[in-house]
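J.: Got a structure for you, written out below as structure tokens; questions coming shortly.
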Amino acid sequence: MSETANPRAVRPRVMPLPHDLCWMLSSLHTAAAKVLASAGAAGATSPAGTPDRLRPLLPELSEAPSGRLDYRIAVVAPMKAGKSTLLNAVLSRELLPSRGPAMTVLPTCVVPVAAESVPEPVLTVPGSTIEGVTALAHRLARPGHRPAVATAVRRHPQLAAAEARLSGTGVAGPPHRTVGTRAIRAVLAEVNDLLRLALTALAHEDVLVQLPSLQPPEVVVPVPWMVTDPAGGWLVLVDTPGPDEELPPGMLDRFVRQEIHRAHELLLVTDATRRDNEAEHTVTRMATSVQKPVFTVVNRVDLADDPRNASSTPSQGSGVRTAARQGLAAASVLRRPPDGERRHEASAAERAFLRTAFPLDWEHHADVLSGAEIRNLARRQWEQSGVPALLDQLITVRARNPGAWALADLLSRIASVGDPAAAVSGRPLAPRDGITVLASRRQQLVERARSLYVRTPITWR
Ligand SMILES: Nc1nc2c(ncn2[C@@H]2O[C@H](COP(=O)(O)OP(=O)(O)O)[C@@H](O)[C@H]2O)c(=O)[nH]1
Ligand SMILES: [Mg+2]
């Protein structure tokens, strides 16, 4: 794989998990491989179904001894609940495209890192995704498809820019690598608009079959709340499309299901202004049908007419209430501009913030308030937005030690396949039986990890 096709190539190198854990993980992997190798052999005593449950864990188990693991949190929600805006608020910059009409089609991975290690966000689009998107653009540009494209744009005027790019000379896919917030937002918007145009104009063709093979682009983003780079791996936050009211039902569900399946944990965003609707039920069902922790955010509380709606946190797991747009506007003012960032960009952030804080007379406030006063107001709005609570309760603790969180998850999944007590009754296991060895190595790892991460609120099982 070429360097530019590999998103991990731009992640900063991080400290691996402690050496003895890596060594123990290596022997755990060996034990698991032995259980699988002996499965089906005459006299094998594995509990029924063990190989089938263990086999899917083998890729992760073979990766684990490297000591650098991803911990994935998928952000799921009905469309327009504010997923992209909420992630932007967490990142303190307007990085992921967001707007009134539906935007996100392709999931996008975000890897937060310390501001010191990467000066500006870097987007990498995997080679296979570039090829897939370019092929779709070529198909859309064929003269035979023009009427369908024109009809799609009449229905969704926000896709006019995507149509215009098709009629230029030489249809090009997205670049492998893009640096800088604004350029990244533009590339992601172009990719998502093109895919939406393809889904709308070529709905009768096999576009849907191709879509799930597109790999998510990945952005490595410096964030103000990380002082040092993560340890033991990387936190990956995944922005997903919502079940979409502007596309036929179920069209993007496969993307969402795929990301829910790959995630360790889910961040479920609901809309305080539109509770109890079908889209919310669909997403909640998807999220709760898998046995994964769910953290819930009720967003847009600034717009909720009914304070009872605004104050309700859903029944699943823990949660917070947010006003993501307000949080993002405040964070954009508070983020220290990197050296060389032009002054007019800072004042654009201040104007955008004042618009959210004083919708009716923001221009007056822009005239009379000093920069320091605006920052003070932004600080207060940031605190009230609920985004700091989301950072405190869910994100920063995982971002510090993503490897340990991923390890805890892996070990608990192995527990369910490697428990000797689950052996078929009446066939006691010999002490050297593979599954017993696997279970005891797993237990040793749990005990060692528990003592190493005693200050981290991880449940080791
Ligand atoms: N008033 C208000 N608007 C919001 C909030 N969060 C998002 N929005 C707006 O809702 C629209 C859709 O947001 P977006 O993040 O694209 O939603 P997504 O489809 O879930 O990713 C955008 O116009 C956002 O500016 C919020 O907390 N309050
Ligand atoms: Mg979105």
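Every chain in the structure tokens has a letter given in the order shown (A, B, ...), and although residue numbers restart at 1 in each chain, ligands are simply numbered from 1 in the order shown.
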Quick one: pick out all helix (DSSP H, G or I) residues within range 76-242 of chain A from a backbone DSSP run and write them as a PyMOL selection string.

T.: chain A and resi 83-91+127-141+143-155+157-167+181-201+207-213

J.: Around ligand 1, out to 9 Å and counting only C-alpha atoms and all ligand atoms, which residues are there? I want them as a ChimeraX atom specification.

T.: /A:76-88,96-104,239-242,244,269-272,298-303,322-328,356,385

J.: Might you pull out every residue within 8 Å of Val221 in chain A, with only C-alpha atoms counted and same-chain residues fewer than 2 positions away left off, and present them as a PyMOL selection string?

T.: chain A and resi 91+110-113+118+120-122+219+223

J.: Neighbouring residues of Thr396 in chain A were defined as those with any atom within 12 Å, considering only C-alpha atoms; residues of the same chain fewer than 2 positions away were excluded. Please report them as a count of residues only.

T.: 31

J.: Restricting the calculation to only C-alpha atoms: of A:Asn192, A:Thr284, A:Gln210, A:Thr181, which residue gets closest to Glu94 in chain A?

T.: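 So, comparing all the options, the nearest one is A:Thr181.
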
J.: In Å, how far is it from CA of Glu447 in chain A to CA of Met24 in chain A?

T.: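 Spanning CA of Glu447 in chain A to CA of Met24 in chain A is a straight-line distance of 11.5 Å.
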
J.: Write out as a VMD selection string the set of residues from range 43-206 of chain A that DSSP, computed on the backbone, places in strand (DSSP E).

T.: chain A and resid 69 to 76 108 to 114 122 to 124 177 to 179

J.: Quick one: of A:Leu106, A:Val283, A:Leu410, A:Ile260, who's nearest to ligand 2, counting only C-alpha atoms and all ligand atoms?

T.: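 Under the stated criterion, the closest residue is A:Leu106.
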
J.: Might you pull out every residue within 7 Å of Val417 in chain A, with only C-alpha atoms counted and same-chain residues fewer than 3 positions away left off, and present them as a list in words?

T.: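 Everything that qualifies: Thr50, Arg53, Leu54 and Ile414 of chain A.
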
J.: Counting only C-alpha atoms and all ligand atoms, which of A:Val320, A:Ala330, A:Val153, A:Val238 gets nearest to ligand 2?

T.: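 Of A:Val320, A:Ala330, A:Val153, A:Val238, the one nearest ligand 2 is A:Val238, counting only C-alpha atoms and all ligand atoms.
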
J.: Would you mind telling me which residue in A:Glu116, A:Asp70, A:Glu60, A:Asp193 lies nearest to ligand 2 when using only C-alpha atoms and all ligand atoms?

T.: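 The shortest atom-to-atom distance to ligand 2 comes from A:Asp193.
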
J.: Please report the interatomic distance between CA of Pro157 in chain A and CA of Leu95 in chain A in Å with one decimal.

T.: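 Result for CA of Pro157 in chain A versus CA of Leu95 in chain A: 22.7 Å, one decimal.
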
J.: Give the answer as one residue: which of A:Leu407, A:Ala137, A:Asp367, A:Arg196 has the shortest atom-to-atom distance to Arg448 in chain A, using only C-alpha atoms?

T.: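 Ranking A:Leu407, A:Ala137, A:Asp367, A:Arg196 by distance to Arg448 in chain A, first place goes to A:Leu407.
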